[in-house]
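Written out below as structure tokens is the structure these notes cover.
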Amino acid sequence: MSKQKFVGTIGKTLKDTDFRFEEIESKSEGKPNVIYIVLDDVGFAQLGCYGSDIKTPNIDRLASGGLRYNNFHTTAICSATRASLLTGANHHSAGISAIVESATGLPNGQELIKPEYATIAEVLREYDYHTIAIGKWHLTDKRFRTAAGPFDGWPLGKGFDNYYGFLDAAIDQWNPVLTRDNSRVTQPKKASEGYHLTEDLTDNAIRYVYQHHNAYPKQPFFLYLAYGAMHAPMHAPKEYIDRYRGAFDQGWDVLREKWFARQKKLGVIPQDAELTERNEVVPAWDSLSEDEKKVQARLMEVFAGFLEHTDAQIGRLLDYLEEAHILENTMIVLLSDNGASAEGGLNGHYNHYTSVDIVEDYSREAADVLKHYETVGDEYSSPHYGIGWANLGNVPFQWYKTWVHEGGIKDPLIIYYPGRIKDKGGIRNQFHHVTDISPTVLDVLGFEKPAIVKGVPQQPMHGISLAYTFEGPDIPSRKHVQYFEMVGNRSIYKNGWKAVTNHAFKSSYEDDVWELYHTEKDYSEKYNVAAEYPEKVKELEETWIAEAGRYGVYPLGPGSLIASKEATAEITIQELVPEKVYTYENVRYPFEIPEGLLIARTSHRILADIERQSPKEEGVILANGDRFGGSVLYVKDNHLKYVYNHLQSEYYEIVSDVELPVGRNRVEVVFKNLSFWEAEVFLKLNGAVVGTAKITELNKFASLMCTTLKANPQTAIAIDYEIPFEFTGKILHLEIRMAPAGMTTEEMLEAFFRQD
């Protein structure tokens with residue numbers, strides 16, 4: 001985009017004015033475009049060019065024209081990796097210790113990226129780049145995702161000119177909650193009409209690039225394209241899923257050997273690498289029943305179809321760039337944000353809200369997959385494959401997403417840039433980290449991070465450029481030390497050695513044991529040699545402590561959610577806040593409450609004063625969740641109703657035993673915990689109890705559920721209405737009172753629910 005500076009003289013009139021302009025050379029003219037393509041929860045082995053037999057021809061096309069890295073590391077979880085990718089800084093320093101939903105407000109647990117760590121988009125705008133963000137953001141705490149902002153942590157507040165996508169951790173691919181720039185928007189068509197989020201995101205990426213390129217063909221652009229795929233829910237068109245029918249019937253044990261052999265054939269791992277043993281929490285394939293095998297194989301077919309479908313959308317973008325003669329002058333970086341996810345547990349899930357633990361048996365989930373065998377992956381399912389497939393996806397490494405063993409942090413990285421990379425199809429084994437990507441881009445472009453961005457003095461990037469690796473595979477690594485910490489799991493890499501602790505099954509950090517791997521010789525991290533080199537263990541532990549202090553890692557969090565049901569309960573109890581009251585007056589329009597309320601699992605009271613002029617006025621008063629789980633208070637057929645949807649398996653329904661009078665009424669829900677997993681619910685009308693229900697199993701992931709006044713915007717929580725089912729009467733006053741943490745005694749509960 002050319003700019004001019006007026007250097008003439010101003011006259012009294014235009015006729016008297018000396019029109020002379022001086023062209024100002026753009027800082028970005030002649031520079032390449034830059035694209036980051038971020039996949040979600042894709043393990044090291046799952047791309048075709050990294051060893052799997054899942055078809056990814058378009059990603060493979062990038063690999064064959066660029067470089068594949070086999071010693072690249074992330075932070076082990078989504079928000080943290082994205083923060084490091086965009087800032088070039090270690091995630092604790094940037095203010096994102098794990099996922100933004102676990103923000104503490106402490107320096108390492110802010111609700112958004114700290115302004116002193118400008119994003120690569122903010123930096124590139126300083127050099128006249130046009131910047132576009134598409135897809136998953138997940139870098140702003142839920143409390144700040146309101147229609148009224150604040151927007152400083154949203155994409156446009158972090159340096160992007162355009163944004164289209166979703167702000168959350170995960171999203172329904174068939175029925176997403178979408179944002180364009182700083183406003184919520186509805187999906188352009190229904191799932192029944194052929195909508196899928198991955199296609200929609202790609203459409204918008206192409207359109208934004210097309211519009212910019214045609215308006216300003218000389219101005220390069222930066223595109224951040226972060227798909228929701230392959231994170232659960234694993235949703236894909238049936239024709240893609242059915243392409244893999246029978247492909248995984250051999251099971252994960254046989255396929256781990258096959259994928260490992262293919263990795264060596266491709267040269268993507270060293271020839272002397274050894275395959276780690278099947279993970280200790282994964283059952284042997286042959287130990288499964290025939291029905292269990294059928295279920296597990298089908299869930300993996302869904303994942304494979306989802307990945308091939310995503311690859312096809314990447315292909316559409318590449319085809320457009322080629323047609324527009326943009327591709328050859330574009331640097332493309334494709335990576336995953338962490339290793340394959342074990343959150344599907346032992347059985348896999350038909351409804352991924354069921355749990356994320358890996359040692360409990362949820363056989364009902366397998367039964368649901370069998371029941372809906374031909375339609376798993378459609379809009380009425382929310383699937384996740386079982387842990388055995390994650391173990392396959394991370395071949396040849398141990399453990400998974402959130403662990404800082406290699407299975408959680410060593411991920412695919414492909415860099416494509418014809419203008420600089422001559423060793424097309426080459427493989428690089430230098431140790432590098434996600435903090436190194438944005439410094440590499442600045443190095444290639446010949447830019448430096450400004451000392452001040454948007455008026456804020458900047459901290460330097462922590463990563464280093466890996467552009468030197470473009471020149472050849474045998475250049476020694478220039479990165480020598482990198483710490484890792486994720487939900488209590490800790491590790492440190494130093495000059496070919498790595499010490500690591502597995503905190504996922506521990507309640508105290510004092511119980512952690514450091515393992516030691518000589519990764520320079522033991523690529524797969526198979527042999528723990530801590531007993532042989534105790535001094536090296538001590539050295540690395542001390543290095544971790546020093547790095548943790550340097551980059552603001554402390555305080556350490558409570559630990560992992562996915563080790564067991566008991567661990568989930570213990571940690572989620574710690575999440576509960578002191579007693580809190582939310583009050584809303586004269587609710588005119590549907591409004592999403594900005595905080596992740598724990599309505600689905602802790603004691604609370606909902607009180608609403610409503611007014612109706614006719615018995616026909618009906619609709620949702622308060623909704624929490626979607627079709628896969630939640631609760632809803634509403635009026636239908638002139639009765640007050642409450643439904644608690646437990647993961648689509650049980651619908652606890654209360655219908656008032658009297659009709660709802662016309663005029664003004666006070667309606668109330670009293671939700672009283674009997675234990676962490678059970679509750680009793682009272683539905684009240686004008687002070688009188690008009691219905692009760694006992695809920696025998698509560699939803700676990702309440703904080704992830706959307707809470708909306710006056711409507712149910714996404715998918716229907718109850719089965720007797722269609723979205724949005726907006727209330728047509730008036731909500732004059734609505735109050736939500738959340739109980740304080742640890743309220744267990746009858747006296748406290750009585751005091752909490754007493755009305756003045």
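Identifiers in this document derive from the order of the structure tokens: chains are assigned A, B, ..., residues are numbered from 1 separately in each chain, and ligands are numbered from 1 in order of occurrence.
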Identify, on the basis of only C-alpha atoms, every residue whose closest approach to Thr202 (chain A) does not exceed 9 Å; exclude the query and any residue fewer than 6 positions from it along the same chain; express the result as a tab-separated table (two decimals) with N, CA and C atoms, in the first residue's frame.
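Below you can see result-v9.tsv, which holds the result:
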chain	number	residue	atom	x	y	z
A	134	ILE	N	-8.40	-15.90	11.69
A	134	ILE	CA	-9.55	-16.75	11.39
A	134	ILE	C	-9.51	-17.95	12.35
A	135	GLY	N	-10.66	-18.26	12.96
A	135	GLY	CA	-10.78	-19.50	13.71
A	135	GLY	C	-10.69	-19.34	15.21
A	225	LEU	N	-4.58	-18.64	10.76
A	225	LEU	CA	-5.70	-19.53	10.48
A	225	LEU	C	-5.65	-20.69	11.48
A	227	TYR	N	-7.71	-23.57	13.02
A	227	TYR	CA	-8.91	-24.40	12.92
A	227	TYR	C	-9.32	-24.94	14.30
A	313	GLN	N	-9.85	-28.65	3.18
A	313	GLN	CA	-10.08	-27.20	3.27
A	313	GLN	C	-8.76	-26.44	3.16
A	314	ILE	N	-7.71	-26.99	3.74
A	314	ILE	CA	-6.38	-26.38	3.57
A	314	ILE	C	-6.02	-26.39	2.08
A	316	ARG	N	-8.08	-26.16	-0.40
A	316	ARG	CA	-8.83	-25.08	-1.06
A	316	ARG	C	-8.10	-23.75	-0.93
A	317	LEU	N	-7.55	-23.49	0.26
A	317	LEU	CA	-6.80	-22.25	0.46
A	317	LEU	C	-5.55	-22.24	-0.41
* To do: List every residue of region 287-464 of chain A that DSSP, applied to the backbone of this structure, assigns to strand (DSSP E or B), and report them as a ChimeraX atom specification.
  => /A:330-336,349,351,382,384,410,413-416,426-428,432-433,452-453,456-457
Any chance you can output those residues with N, CA and C atoms as a short mmCIF file (atom, residue, chain, number, x, y, z; two decimals), in the first residue's frame?
data_model
loop_
_atom_site.label_atom_id
_atom_site.label_comp_id
_atom_site.auth_asym_id
_atom_site.auth_seq_id
_atom_site.Cartn_x
_atom_site.Cartn_y
_atom_site.Cartn_z
N THR A 330 4.81 -16.68 -0.41
CA THR A 330 4.17 -16.80 0.89
C THR A 330 4.94 -17.80 1.76
N MET A 331 5.20 -17.38 2.98
CA MET A 331 5.80 -18.28 3.96
C MET A 331 4.67 -18.88 4.79
N ILE A 332 4.54 -20.21 4.76
CA ILE A 332 3.47 -20.89 5.47
C ILE A 332 4.08 -21.74 6.58
N VAL A 333 3.57 -21.54 7.79
CA VAL A 333 4.00 -22.33 8.95
C VAL A 333 2.78 -23.12 9.42
N LEU A 334 2.87 -24.44 9.40
CA LEU A 334 1.78 -25.30 9.85
C LEU A 334 2.25 -26.11 11.05
N LEU A 335 1.46 -26.10 12.11
CA LEU A 335 1.83 -26.81 13.33
C LEU A 335 0.59 -27.25 14.07
N SER A 336 0.77 -28.13 15.05
CA SER A 336 -0.27 -28.47 16.01
C SER A 336 0.06 -27.80 17.33
N HIS A 349 -15.86 -41.32 23.72
CA HIS A 349 -17.13 -40.70 24.11
C HIS A 349 -18.03 -40.42 22.92
N ASN A 351 -20.50 -38.39 23.80
CA ASN A 351 -20.67 -37.02 24.26
C ASN A 351 -19.42 -36.64 25.05
N SER A 382 -21.31 -35.73 19.92
CA SER A 382 -20.19 -34.86 20.31
C SER A 382 -19.01 -35.76 20.67
N HIS A 384 -15.44 -38.15 20.89
CA HIS A 384 -13.99 -38.11 21.11
C HIS A 384 -13.50 -39.55 21.12
N LYS A 410 6.01 -32.76 21.72
CA LYS A 410 6.71 -32.84 20.43
C LYS A 410 5.66 -32.99 19.33
N LEU A 413 5.67 -29.84 12.73
CA LEU A 413 5.91 -28.48 12.25
C LEU A 413 6.38 -28.57 10.80
N ILE A 414 5.68 -27.86 9.93
CA ILE A 414 6.05 -27.78 8.52
C ILE A 414 6.23 -26.30 8.18
N ILE A 415 7.35 -25.98 7.55
CA ILE A 415 7.58 -24.61 7.07
C ILE A 415 7.76 -24.67 5.56
N TYR A 416 6.94 -23.89 4.87
CA TYR A 416 6.96 -23.84 3.41
C TYR A 416 7.28 -22.41 2.99
N GLY A 426 12.78 -31.69 2.73
CA GLY A 426 13.81 -32.02 3.71
C GLY A 426 13.25 -32.16 5.11
N ILE A 427 14.04 -32.81 5.97
CA ILE A 427 13.67 -33.03 7.36
C ILE A 427 14.74 -32.41 8.25
N ARG A 428 14.31 -31.74 9.31
CA ARG A 428 15.24 -31.07 10.21
C ARG A 428 15.05 -31.63 11.63
N HIS A 432 13.85 -27.28 18.75
CA HIS A 432 13.24 -25.94 18.76
C HIS A 432 11.90 -25.96 19.48
N HIS A 433 11.38 -24.76 19.71
CA HIS A 433 10.21 -24.56 20.56
C HIS A 433 9.29 -23.56 19.89
N ILE A 452 8.69 -0.08 21.47
CA ILE A 452 7.38 0.34 21.97
C ILE A 452 6.33 -0.04 20.93
N VAL A 453 5.26 -0.67 21.37
CA VAL A 453 4.15 -1.01 20.49
C VAL A 453 2.86 -0.49 21.12
N VAL A 456 3.19 0.99 24.54
CA VAL A 456 3.61 0.15 25.66
C VAL A 456 5.05 -0.30 25.47
N PRO A 457 5.95 0.00 26.40
CA PRO A 457 7.32 -0.52 26.31
C PRO A 457 7.31 -2.04 26.29
#
* **Surrounding residues of region 707-719 of chain A excluding itself and chain neighbours under 4 positions, 6 Å, only C-alpha atoms, as a PyMOL selection string** => chain A and resi 590-593+620-624+626-627+723-727
Generate a file of the selected residues that holds all heavy atoms, formatted as a compact mmCIF listing (two decimals), in the first residue's frame.
# COMPACT_ATOMS: atom_id res chain seq x y z
N PRO A 590 -31.85 -11.06 24.55
CA PRO A 590 -31.00 -12.16 25.03
C PRO A 590 -29.60 -11.64 25.35
O PRO A 590 -29.05 -10.81 24.63
CB PRO A 590 -30.98 -13.13 23.84
CG PRO A 590 -32.26 -12.88 23.13
CD PRO A 590 -32.49 -11.40 23.24
N PHE A 591 -29.06 -12.14 26.45
CA PHE A 591 -27.76 -11.67 26.91
C PHE A 591 -26.97 -12.84 27.49
O PHE A 591 -27.47 -13.56 28.35
CB PHE A 591 -27.93 -10.58 27.98
CG PHE A 591 -26.63 -10.08 28.55
CD1 PHE A 591 -25.83 -9.22 27.82
CD2 PHE A 591 -26.20 -10.49 29.81
CE1 PHE A 591 -24.62 -8.76 28.35
CE2 PHE A 591 -25.00 -10.03 30.34
CZ PHE A 591 -24.21 -9.16 29.60
N GLU A 592 -25.75 -13.02 27.00
CA GLU A 592 -24.90 -14.09 27.52
C GLU A 592 -24.12 -13.57 28.72
O GLU A 592 -23.43 -12.56 28.64
CB GLU A 592 -23.92 -14.58 26.45
CG GLU A 592 -23.04 -15.72 26.95
CD GLU A 592 -22.04 -16.19 25.92
OE1 GLU A 592 -22.23 -15.90 24.72
OE2 GLU A 592 -21.04 -16.83 26.32
N ILE A 593 -24.24 -14.28 29.83
CA ILE A 593 -23.50 -13.91 31.03
C ILE A 593 -22.02 -14.20 30.79
O ILE A 593 -21.66 -15.29 30.35
CB ILE A 593 -24.02 -14.70 32.25
CG1 ILE A 593 -25.48 -14.28 32.51
CG2 ILE A 593 -23.16 -14.44 33.47
CD1 ILE A 593 -26.15 -15.07 33.61
N VAL A 620 -37.69 -19.16 26.88
CA VAL A 620 -36.63 -19.43 27.85
C VAL A 620 -36.39 -18.21 28.73
O VAL A 620 -36.24 -17.08 28.24
CB VAL A 620 -35.33 -19.81 27.11
CG1 VAL A 620 -34.14 -19.83 28.06
CG2 VAL A 620 -35.48 -21.17 26.42
N ILE A 621 -36.31 -18.46 30.02
CA ILE A 621 -35.95 -17.42 30.98
C ILE A 621 -34.43 -17.44 31.21
O ILE A 621 -33.77 -16.42 31.16
CB ILE A 621 -36.71 -17.62 32.30
CG1 ILE A 621 -38.22 -17.50 32.05
CG2 ILE A 621 -36.24 -16.62 33.36
CD1 ILE A 621 -39.07 -17.92 33.24
N LEU A 622 -33.89 -18.63 31.45
CA LEU A 622 -32.45 -18.77 31.65
C LEU A 622 -32.00 -20.14 31.12
O LEU A 622 -32.58 -21.17 31.47
CB LEU A 622 -32.10 -18.66 33.14
CG LEU A 622 -30.60 -18.70 33.46
CD1 LEU A 622 -29.94 -17.39 33.06
CD2 LEU A 622 -30.36 -18.97 34.94
N ALA A 623 -30.98 -20.13 30.28
CA ALA A 623 -30.44 -21.36 29.70
C ALA A 623 -28.96 -21.47 30.01
O ALA A 623 -28.22 -20.49 29.92
CB ALA A 623 -30.65 -21.37 28.18
N ASN A 624 -28.52 -22.67 30.36
CA ASN A 624 -27.11 -22.93 30.66
C ASN A 624 -26.71 -24.22 29.95
O ASN A 624 -27.08 -25.31 30.37
CB ASN A 624 -26.90 -23.06 32.17
CG ASN A 624 -25.50 -23.54 32.53
OD1 ASN A 624 -25.32 -24.63 33.04
ND2 ASN A 624 -24.51 -22.71 32.26
N ASP A 626 -26.11 -26.59 26.19
CA ASP A 626 -26.60 -26.85 24.84
C ASP A 626 -27.18 -28.26 24.81
O ASP A 626 -27.41 -28.86 25.87
CB ASP A 626 -25.50 -26.67 23.79
CG ASP A 626 -24.26 -27.52 24.07
OD1 ASP A 626 -24.41 -28.61 24.66
OD2 ASP A 626 -23.15 -27.11 23.70
N ARG A 627 -27.39 -28.82 23.62
CA ARG A 627 -28.06 -30.11 23.54
C ARG A 627 -27.25 -31.25 24.17
O ARG A 627 -27.79 -32.29 24.49
CB ARG A 627 -28.37 -30.48 22.09
CG ARG A 627 -27.18 -30.75 21.20
CD ARG A 627 -27.57 -31.58 19.95
NE ARG A 627 -28.66 -31.02 19.20
CZ ARG A 627 -28.60 -30.50 17.98
NH1 ARG A 627 -27.41 -30.44 17.36
NH2 ARG A 627 -29.66 -30.04 17.38
N ILE A 723 -34.69 -23.80 19.10
CA ILE A 723 -33.93 -22.57 19.40
C ILE A 723 -34.40 -21.43 18.49
O ILE A 723 -34.92 -21.69 17.41
CB ILE A 723 -32.43 -22.81 19.23
CG1 ILE A 723 -32.10 -23.22 17.79
CG2 ILE A 723 -31.90 -23.81 20.21
CD1 ILE A 723 -30.65 -23.17 17.45
N PRO A 724 -34.25 -20.20 18.95
CA PRO A 724 -33.71 -19.79 20.27
C PRO A 724 -34.76 -19.77 21.37
O PRO A 724 -34.43 -19.54 22.52
CB PRO A 724 -33.17 -18.40 19.99
CG PRO A 724 -34.09 -17.86 18.93
CD PRO A 724 -34.45 -19.04 18.07
N PHE A 725 -36.02 -19.97 21.00
CA PHE A 725 -37.14 -20.00 21.95
C PHE A 725 -37.06 -18.82 22.91
O PHE A 725 -37.11 -18.95 24.13
CB PHE A 725 -37.18 -21.32 22.70
CG PHE A 725 -38.52 -21.64 23.31
CD1 PHE A 725 -39.71 -21.37 22.64
CD2 PHE A 725 -38.61 -22.21 24.57
CE1 PHE A 725 -40.95 -21.66 23.19
CE2 PHE A 725 -39.83 -22.52 25.15
CZ PHE A 725 -41.01 -22.24 24.45
N GLU A 726 -36.95 -17.64 22.33
CA GLU A 726 -36.83 -16.41 23.11
C GLU A 726 -38.13 -16.11 23.85
O GLU A 726 -39.22 -16.22 23.30
CB GLU A 726 -36.47 -15.25 22.18
CG GLU A 726 -36.24 -13.94 22.90
CD GLU A 726 -35.75 -12.84 21.97
OE1 GLU A 726 -35.18 -13.17 20.90
OE2 GLU A 726 -35.94 -11.65 22.31
N PHE A 727 -38.01 -15.74 25.10
CA PHE A 727 -39.17 -15.47 25.93
C PHE A 727 -39.91 -14.25 25.41
O PHE A 727 -39.32 -13.17 25.22
CB PHE A 727 -38.72 -15.24 27.38
CG PHE A 727 -39.86 -15.08 28.36
CD1 PHE A 727 -40.83 -16.06 28.48
CD2 PHE A 727 -39.95 -13.95 29.16
CE1 PHE A 727 -41.88 -15.92 29.39
CE2 PHE A 727 -40.99 -13.79 30.07
CZ PHE A 727 -41.95 -14.79 30.18
Which neighbours of Val268 (chain A) fall inside 10 Å, counting only C-alpha atoms, when residues of the same chain fewer than 2 positions from it are skipped, and could you give them as a compact mmCIF listing (two decimals) with all heavy atoms, in the first residue's frame?
# COMPACT_ATOMS: atom_id res chain seq x y z
N ALA A 45 2.29 -38.18 15.04
CA ALA A 45 2.23 -39.19 13.98
C ALA A 45 0.99 -39.11 13.10
O ALA A 45 0.85 -39.90 12.17
CB ALA A 45 2.31 -40.59 14.62
N CYS A 49 2.24 -37.25 6.20
CA CYS A 49 3.67 -37.04 6.00
C CYS A 49 4.49 -37.25 7.27
O CYS A 49 5.72 -37.15 7.24
CB CYS A 49 3.93 -35.64 5.42
SG CYS A 49 3.23 -34.30 6.40
N TYR A 50 3.81 -37.56 8.38
CA TYR A 50 4.51 -37.91 9.62
C TYR A 50 4.27 -39.36 10.00
O TYR A 50 4.62 -39.76 11.12
CB TYR A 50 4.08 -36.98 10.76
CG TYR A 50 4.87 -35.69 10.81
CD1 TYR A 50 4.52 -34.61 10.00
CD2 TYR A 50 5.95 -35.54 11.65
CE1 TYR A 50 5.24 -33.42 10.03
CE2 TYR A 50 6.68 -34.35 11.71
CZ TYR A 50 6.32 -33.30 10.89
OH TYR A 50 7.04 -32.13 10.93
N GLY A 51 3.67 -40.16 9.10
CA GLY A 51 3.63 -41.60 9.35
C GLY A 51 2.28 -42.26 9.37
O GLY A 51 2.21 -43.49 9.32
N ARG A 68 10.02 -30.47 7.04
CA ARG A 68 9.38 -31.06 8.20
C ARG A 68 10.37 -31.08 9.36
O ARG A 68 11.54 -31.44 9.17
CB ARG A 68 8.94 -32.50 7.91
CG ARG A 68 7.60 -32.64 7.22
CD ARG A 68 7.40 -34.07 6.75
NE ARG A 68 8.35 -34.40 5.68
CZ ARG A 68 8.49 -35.62 5.17
NH1 ARG A 68 7.78 -36.63 5.63
NH2 ARG A 68 9.35 -35.83 4.19
N TYR A 69 9.88 -30.74 10.54
CA TYR A 69 10.73 -30.75 11.73
C TYR A 69 10.30 -31.90 12.63
O TYR A 69 9.10 -32.12 12.86
CB TYR A 69 10.61 -29.41 12.47
CG TYR A 69 11.30 -28.29 11.72
CD1 TYR A 69 10.70 -27.71 10.60
CD2 TYR A 69 12.56 -27.83 12.10
CE1 TYR A 69 11.33 -26.70 9.89
CE2 TYR A 69 13.20 -26.82 11.39
CZ TYR A 69 12.59 -26.26 10.29
OH TYR A 69 13.22 -25.26 9.58
N ASN A 70 11.27 -32.64 13.16
CA ASN A 70 10.95 -33.77 14.03
C ASN A 70 11.44 -33.59 15.46
O ASN A 70 11.44 -34.54 16.24
CB ASN A 70 11.50 -35.08 13.44
CG ASN A 70 13.02 -35.15 13.47
OD1 ASN A 70 13.70 -34.30 14.04
ND2 ASN A 70 13.57 -36.18 12.84
N ASN A 71 11.82 -32.35 15.81
CA ASN A 71 12.28 -32.06 17.17
C ASN A 71 11.74 -30.70 17.61
O ASN A 71 12.43 -29.92 18.26
CB ASN A 71 13.80 -32.10 17.24
CG ASN A 71 14.32 -32.41 18.63
OD1 ASN A 71 13.55 -32.67 19.55
ND2 ASN A 71 15.63 -32.36 18.80
N PHE A 260 4.94 -46.62 13.12
CA PHE A 260 6.34 -46.45 13.50
C PHE A 260 7.26 -46.86 12.35
O PHE A 260 8.22 -46.14 12.02
CB PHE A 260 6.63 -47.28 14.74
CG PHE A 260 8.04 -47.22 15.23
CD1 PHE A 260 8.58 -46.04 15.71
CD2 PHE A 260 8.84 -48.36 15.24
CE1 PHE A 260 9.89 -45.97 16.18
CE2 PHE A 260 10.16 -48.31 15.70
CZ PHE A 260 10.68 -47.12 16.17
N ARG A 262 6.50 -46.87 9.21
CA ARG A 262 6.33 -45.90 8.12
C ARG A 262 7.11 -44.62 8.42
O ARG A 262 7.67 -43.99 7.52
CB ARG A 262 4.85 -45.61 7.90
CG ARG A 262 4.58 -44.76 6.65
CD ARG A 262 3.10 -44.54 6.42
NE ARG A 262 2.42 -45.78 6.06
CZ ARG A 262 1.43 -46.34 6.77
NH1 ARG A 262 1.02 -45.76 7.88
NH2 ARG A 262 0.87 -47.44 6.37
N GLN A 263 7.14 -44.20 9.67
CA GLN A 263 7.92 -43.02 10.05
C GLN A 263 9.39 -43.21 9.69
O GLN A 263 10.05 -42.28 9.19
CB GLN A 263 7.77 -42.75 11.55
CG GLN A 263 6.41 -42.22 11.95
CD GLN A 263 6.28 -42.05 13.45
OE1 GLN A 263 6.82 -42.84 14.24
NE2 GLN A 263 5.57 -41.02 13.89
N LYS A 264 9.91 -44.38 9.94
CA LYS A 264 11.31 -44.64 9.59
C LYS A 264 11.50 -44.65 8.07
O LYS A 264 12.50 -44.13 7.55
CB LYS A 264 11.77 -45.97 10.19
CG LYS A 264 12.00 -45.90 11.69
CD LYS A 264 12.77 -47.10 12.21
CE LYS A 264 13.12 -46.91 13.68
NZ LYS A 264 13.92 -48.02 14.22
N LYS A 265 10.54 -45.24 7.36
CA LYS A 265 10.62 -45.28 5.91
C LYS A 265 10.61 -43.87 5.32
O LYS A 265 11.33 -43.57 4.37
CB LYS A 265 9.47 -46.11 5.34
CG LYS A 265 9.53 -46.31 3.83
CD LYS A 265 8.40 -47.21 3.36
CE LYS A 265 8.45 -47.40 1.84
NZ LYS A 265 7.35 -48.28 1.36
N LEU A 266 9.79 -43.00 5.91
CA LEU A 266 9.72 -41.60 5.46
C LEU A 266 10.94 -40.80 5.89
O LEU A 266 11.19 -39.72 5.36
CB LEU A 266 8.46 -40.93 6.02
CG LEU A 266 7.10 -41.41 5.48
CD1 LEU A 266 5.97 -40.82 6.31
CD2 LEU A 266 6.94 -41.03 4.01
N PRO A 270 14.57 -40.78 13.41
CA PRO A 270 15.86 -41.44 13.18
C PRO A 270 15.73 -42.95 13.02
O PRO A 270 14.83 -43.57 13.60
CB PRO A 270 16.66 -41.09 14.45
CG PRO A 270 15.99 -39.89 15.01
CD PRO A 270 14.55 -40.02 14.67
N GLN A 271 16.62 -43.53 12.28
CA GLN A 271 16.57 -44.97 12.04
C GLN A 271 16.86 -45.77 13.31
O GLN A 271 16.43 -46.93 13.41
CB GLN A 271 17.57 -45.35 10.94
CG GLN A 271 17.22 -44.78 9.57
CD GLN A 271 15.81 -45.18 9.11
OE1 GLN A 271 15.50 -46.37 9.05
NE2 GLN A 271 15.00 -44.20 8.78
N GLY A 426 12.78 -31.69 2.73
CA GLY A 426 13.81 -32.02 3.71
C GLY A 426 13.25 -32.16 5.11
O GLY A 426 12.14 -31.73 5.43
N ILE A 427 14.04 -32.81 5.97
CA ILE A 427 13.67 -33.03 7.36
C ILE A 427 14.74 -32.41 8.25
O ILE A 427 15.94 -32.53 7.97
CB ILE A 427 13.52 -34.54 7.65
CG1 ILE A 427 12.32 -35.08 6.87
CG2 ILE A 427 13.33 -34.81 9.14
CD1 ILE A 427 12.22 -36.59 6.84
N ARG A 428 14.31 -31.74 9.31
CA ARG A 428 15.24 -31.07 10.21
C ARG A 428 15.05 -31.63 11.63
O ARG A 428 13.92 -31.84 12.09
CB ARG A 428 15.00 -29.56 10.22
CG ARG A 428 15.25 -28.92 8.85
CD ARG A 428 16.72 -28.99 8.48
NE ARG A 428 17.01 -28.30 7.23
CZ ARG A 428 17.07 -28.88 6.04
NH1 ARG A 428 16.82 -30.19 5.93
NH2 ARG A 428 17.35 -28.18 4.96
N ASN A 429 16.17 -31.85 12.31
CA ASN A 429 16.11 -32.46 13.65
C ASN A 429 16.67 -31.56 14.75
O ASN A 429 16.85 -32.01 15.88
CB ASN A 429 16.84 -33.80 13.66
CG ASN A 429 18.30 -33.68 13.28
OD1 ASN A 429 18.85 -32.57 13.27
ND2 ASN A 429 18.94 -34.79 12.96
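For the choices A:Leu156, A:Ile475, A:Ala530, A:Ile654, the atom-to-atom distance to Val690 (chain A) is smallest for A:Ile654 when using only C-alpha atoms.
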* When distances are computed from only C-alpha atoms, which of A:Asn502, A:Ser524, A:Asn347, A:Ser438 shows the smallest separation from Gly386 (chain A)? ->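 Ranking A:Asn502, A:Ser524, A:Asn347, A:Ser438 by distance to Gly386 (chain A), first place goes to A:Asn347.
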* Asked: In terms of the shortest atom-to-atom distance over only C-alpha atoms, which of A:Gly43, A:Gly159, A:Gly339, A:Pro396 is closest to Ala118 (chain A)?
  ->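 For Ala118 (chain A), the nearest of the given residues is A:Gly159.
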* Determine which residues of region 31-210 of chain A DSSP labels as alpha helix (DSSP H) from the backbone of this structure, then write them out as a PyMOL selection string. => chain A and resi 57-65+78-87+91-94+120-126+197-210
* Which residues come within 9 Å of region 19-26 of chain A, counting only C-alpha atoms, excluding same-chain residues fewer than 5 positions away, as a list in words? ->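 Result of the neighbour search: Met1, Ser2, Lys3, Gln4, Lys5, Phe6, Val7, Gly8, Thr9, Ile10, Leu14, Tyr127, Asp128 and Gln219 of chain A.
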* Which is closest to Thr56 (chain A) among A:Ile326, A:Val404, A:Val281, A:Ala312, if we use only C-alpha atoms? ->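 Closest to Thr56 (chain A), using only C-alpha atoms: A:Ala312.
In terms of minimum interatomic distance to Ala340 (chain A), A:Phe44 ranks closest within A:Phe44, A:Phe671, A:Phe628, A:Phe431, counting only C-alpha atoms.
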* Asked: Nearest to Glu448 (chain A) among A:Lys27, A:Lys15, A:Lys142, A:Arg605, with distances taken over only C-alpha atoms: which residue is it?
  ->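 With only C-alpha atoms as the atom set, the closest residue is A:Lys27.
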